[in-house]
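The structure file input08.csv is reproduced below (CSV, C-alpha atoms).
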```
chain,number,residue,atom,x,y,z
P,1,MET,CA,98.9,-49.1,316.8
P,2,LEU,CA,97.9,-52.2,318.7
P,3,GLN,CA,101.3,-53.8,318.7
P,4,GLN,CA,104.1,-52.1,320.6
P,5,ASN,CA,107.7,-52.3,319.5
P,6,THR,CA,108.6,-55.3,321.8
P,7,THR,CA,109.4,-58.9,321.5
P,8,LYS,CA,106.8,-59.8,324.2
P,9,ARG,CA,103.6,-59.6,322.2
P,10,ILE,CA,100.5,-61.7,322.6
P,11,GLY,CA,102.1,-64.9,321.3
P,12,TYR,CA,104.8,-64.7,323.8
P,13,TRP,CA,102.4,-64.2,326.7
P,14,LEU,CA,100.1,-67.0,325.5
P,15,LEU,CA,102.9,-69.5,325.3
P,16,HIS,CA,104.4,-68.3,328.6
P,17,LEU,CA,101.0,-68.5,330.4
P,18,HIS,CA,100.4,-72.0,328.9
P,19,ARG,CA,103.6,-73.3,330.4
P,20,LEU,CA,103.0,-71.5,333.7
P,21,PHE,CA,99.5,-73.0,333.9
P,22,ASP,CA,100.8,-76.5,333.2
P,23,GLU,CA,103.5,-76.2,335.9
P,24,ALA,CA,101.4,-74.5,338.5
P,25,THR,CA,98.4,-76.8,338.1
P,26,GLU,CA,100.6,-79.8,338.4
P,27,ARG,CA,102.0,-78.4,341.6
P,28,ALA,CA,98.5,-77.6,342.9
P,29,LEU,CA,97.3,-81.1,342.1
P,30,SER,CA,100.4,-83.1,343.2
P,31,SER,CA,98.6,-84.5,346.2
P,32,GLU,CA,96.1,-86.1,343.9
P,33,GLY,CA,98.7,-87.3,341.4
P,34,LEU,CA,97.3,-85.3,338.6
P,35,ASN,CA,98.7,-83.0,336.0
P,36,ARG,CA,96.7,-80.2,334.2
P,37,ARG,CA,95.5,-82.4,331.3
P,38,GLN,CA,94.4,-85.2,333.6
P,39,TRP,CA,92.5,-82.7,335.7
P,40,GLN,CA,90.8,-81.3,332.5
P,41,VAL,CA,89.8,-84.8,331.4
P,42,LEU,CA,88.6,-85.7,334.9
P,43,HIS,CA,86.5,-82.5,335.1
P,44,ALA,CA,85.1,-83.0,331.6
P,45,ILE,CA,83.9,-86.5,332.6
P,46,SER,CA,82.3,-84.9,335.7
P,47,ILE,CA,80.3,-82.6,333.6
P,48,GLU,CA,79.2,-85.5,331.4
P,49,VAL,CA,81.5,-85.2,328.5
P,50,ASN,CA,81.1,-89.0,328.5
P,51,THR,CA,83.0,-90.4,325.5
P,52,VAL,CA,86.6,-90.4,324.6
P,53,ALA,CA,85.7,-88.8,321.2
P,54,GLY,CA,83.9,-86.1,323.2
P,55,ILE,CA,86.9,-85.5,325.4
P,56,ASP,CA,89.2,-85.4,322.4
P,57,ALA,CA,87.0,-82.9,320.7
P,58,ALA,CA,86.7,-80.7,323.9
P,59,PHE,CA,90.5,-80.6,324.2
P,60,SER,CA,91.4,-80.8,320.5
P,61,PRO,CA,93.9,-77.8,320.6
P,62,PHE,CA,95.8,-79.6,323.3
P,63,LEU,CA,96.2,-82.9,321.3
P,64,ALA,CA,98.7,-81.2,319.1
P,65,VAL,CA,100.5,-79.5,322.0
P,66,ASP,CA,100.7,-82.8,323.9
P,67,ARG,CA,101.7,-84.7,320.7
P,68,VAL,CA,99.0,-87.3,321.2
P,69,ASP,CA,96.2,-88.5,319.0
P,70,SER,CA,93.7,-89.1,321.9
P,71,TYR,CA,93.2,-88.8,325.6
P,72,ALA,CA,92.1,-92.4,325.8
P,73,PRO,CA,95.2,-93.4,327.8
P,74,ILE,CA,94.1,-90.9,330.5
P,75,VAL,CA,90.7,-92.5,330.6
P,76,LYS,CA,92.4,-95.9,330.8
P,77,GLU,CA,94.5,-94.7,333.7
P,78,PHE,CA,91.4,-93.4,335.5
P,79,GLU,CA,89.9,-96.8,335.0
P,80,ALA,CA,92.9,-98.4,336.6
P,81,ARG,CA,92.6,-96.0,339.5
P,82,GLY,CA,88.9,-97.0,339.9
P,83,TRP,CA,87.8,-93.5,339.1
P,84,VAL,CA,85.8,-94.2,336.0
P,85,THR,CA,83.9,-96.9,334.2
P,86,ALA,CA,84.0,-97.2,330.5
P,87,GLN,CA,81.2,-99.4,329.0
P,88,ASP,CA,80.0,-99.4,325.4
P,89,GLY,CA,82.0,-96.2,324.7
P,90,THR,CA,80.4,-94.3,327.6
P,91,VAL,CA,82.7,-93.0,330.4
P,92,ALA,CA,81.3,-92.2,333.8
P,93,LEU,CA,82.8,-91.3,337.2
P,94,THR,CA,82.6,-93.9,340.0
P,95,ALA,CA,82.0,-92.9,343.6
P,96,ASP,CA,85.8,-92.8,344.1
P,97,GLY,CA,86.2,-90.8,340.9
P,98,ASP,CA,83.6,-88.3,342.1
P,99,ALA,CA,85.4,-87.9,345.4
P,100,ALA,CA,88.7,-87.5,343.6
P,101,HIS,CA,87.2,-84.9,341.4
P,102,GLY,CA,85.8,-83.0,344.4
P,103,ARG,CA,89.2,-83.0,346.1
P,104,ALA,CA,91.0,-81.9,342.9
P,105,GLU,CA,88.4,-79.2,342.2
P,106,ALA,CA,88.9,-77.7,345.6
P,107,LEU,CA,92.7,-77.5,344.8
P,108,VAL,CA,92.1,-76.1,341.4
P,109,ASN,CA,89.7,-73.5,342.7
P,110,ALA,CA,92.2,-72.4,345.3
P,111,HIS,CA,94.9,-72.3,342.6
P,112,ALA,CA,92.7,-70.2,340.4
P,113,ALA,CA,92.0,-67.7,343.2
P,114,ARG,CA,95.7,-67.2,343.6
P,115,SER,CA,96.4,-67.0,339.9
P,116,LEU,CA,93.7,-64.5,339.3
P,117,ALA,CA,94.4,-62.3,342.4
P,118,GLY,CA,93.9,-58.6,341.6
P,119,ILE,CA,91.9,-59.3,338.4
P,120,SER,CA,88.2,-58.5,338.4
P,121,GLU,CA,85.7,-60.8,336.9
P,122,GLU,CA,85.0,-58.1,334.3
P,123,GLU,CA,88.7,-57.9,333.3
P,124,PHE,CA,88.9,-61.7,333.1
P,125,LEU,CA,85.8,-62.0,330.9
P,126,ALA,CA,87.1,-59.1,328.7
P,127,ALA,CA,90.5,-60.8,328.3
P,128,ASN,CA,88.8,-64.1,327.4
P,129,ASP,CA,86.5,-62.4,324.9
P,130,VAL,CA,89.5,-60.6,323.2
P,131,LEU,CA,91.4,-63.9,322.9
P,132,ALA,CA,88.3,-65.6,321.5
P,133,ARG,CA,87.8,-62.9,318.9
P,134,ILE,CA,91.5,-63.0,317.9
P,135,ALA,CA,91.2,-66.8,317.4
P,136,HIS,CA,88.0,-66.3,315.4
P,137,ASN,CA,89.7,-63.7,313.2
P,138,LEU,CA,92.7,-66.0,312.6
P,139,LYS,CA,90.5,-68.9,311.8
P,140,SER,CA,88.6,-66.8,309.3
P,141,GLU,CA,91.7,-66.0,307.3
```
Represent the structure of the file as structure tokens.
Amino acid sequence: MLQQNTTKRIGYWLLHLHRLFDEATERALSSEGLNRRQWQVLHAISIEVNTVAGIDAAFSPFLAVDRVDSYAPIVKEFEARGWVTAQDGTVALTADGDAAHGRAEALVNAHAARSLAGISEEEFLAANDVLARIAHNLKSE
């Protein structure tokens, strides 16, 4: 039997982790004035997810959680900070945005190292694989 007689099953842990990740990431990035979603959008732009539609597609599960239709307001905020340019629907980091991404990435990497302490790469990849398969199974129903 895969499920134990407990109230703390996978759904509990997923939601609990989601909340903890949001809170801990915001604390880790406080010096940069970023929250988790802003970091994710900034990172996506840095790896050339270069349209708002592409950003929205990449983070589509979070749109419902965040109760928003688009992450365009984050892109606009980054434009106001001078971190991105948005021309003809294409979003790109500026030199200041690239520097901000570098600073934030160092903070996120340090946060990830603390968060994953005692977990091997093999365990992490296995857990990720299991979650992906569960999602696939549920999507197939």
Give me the residues within 12 Å of Glu26 in chain P as a PyMOL selection string, counting all atoms listed in the file and dropping any in the same chain fewer than 3 places off.
-> chain P and resi 19-23+29-40+104+107-108+111
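Between CA of Arg67 in chain P and CA of Ala28 in chain P the separation is 23.5 Å.
What separates CA of Ala95 in chain P from CA of Val52 in chain P is a distance of 19.7 Å.
Between CA of Asp88 in chain P and CA of Thr51 in chain P the separation is 9.5 Å.
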Hey, can you pull every residue with an atom no more than 9 Å from (91.9, -81.9, 326.2), using only C-alpha atoms, and send it as an MDAnalysis selection string?
-> chainID P and resid 37:38 40:41 44 55:63 70:71
Got a sec: who's within 12 Å of range 130-136 of chain P, counting all atoms listed in the file, leaving out chain neighbours fewer than 5 positions off, as an MDAnalysis selection string?
-> chainID P and resid 10:11 13:14 61 123:125 141
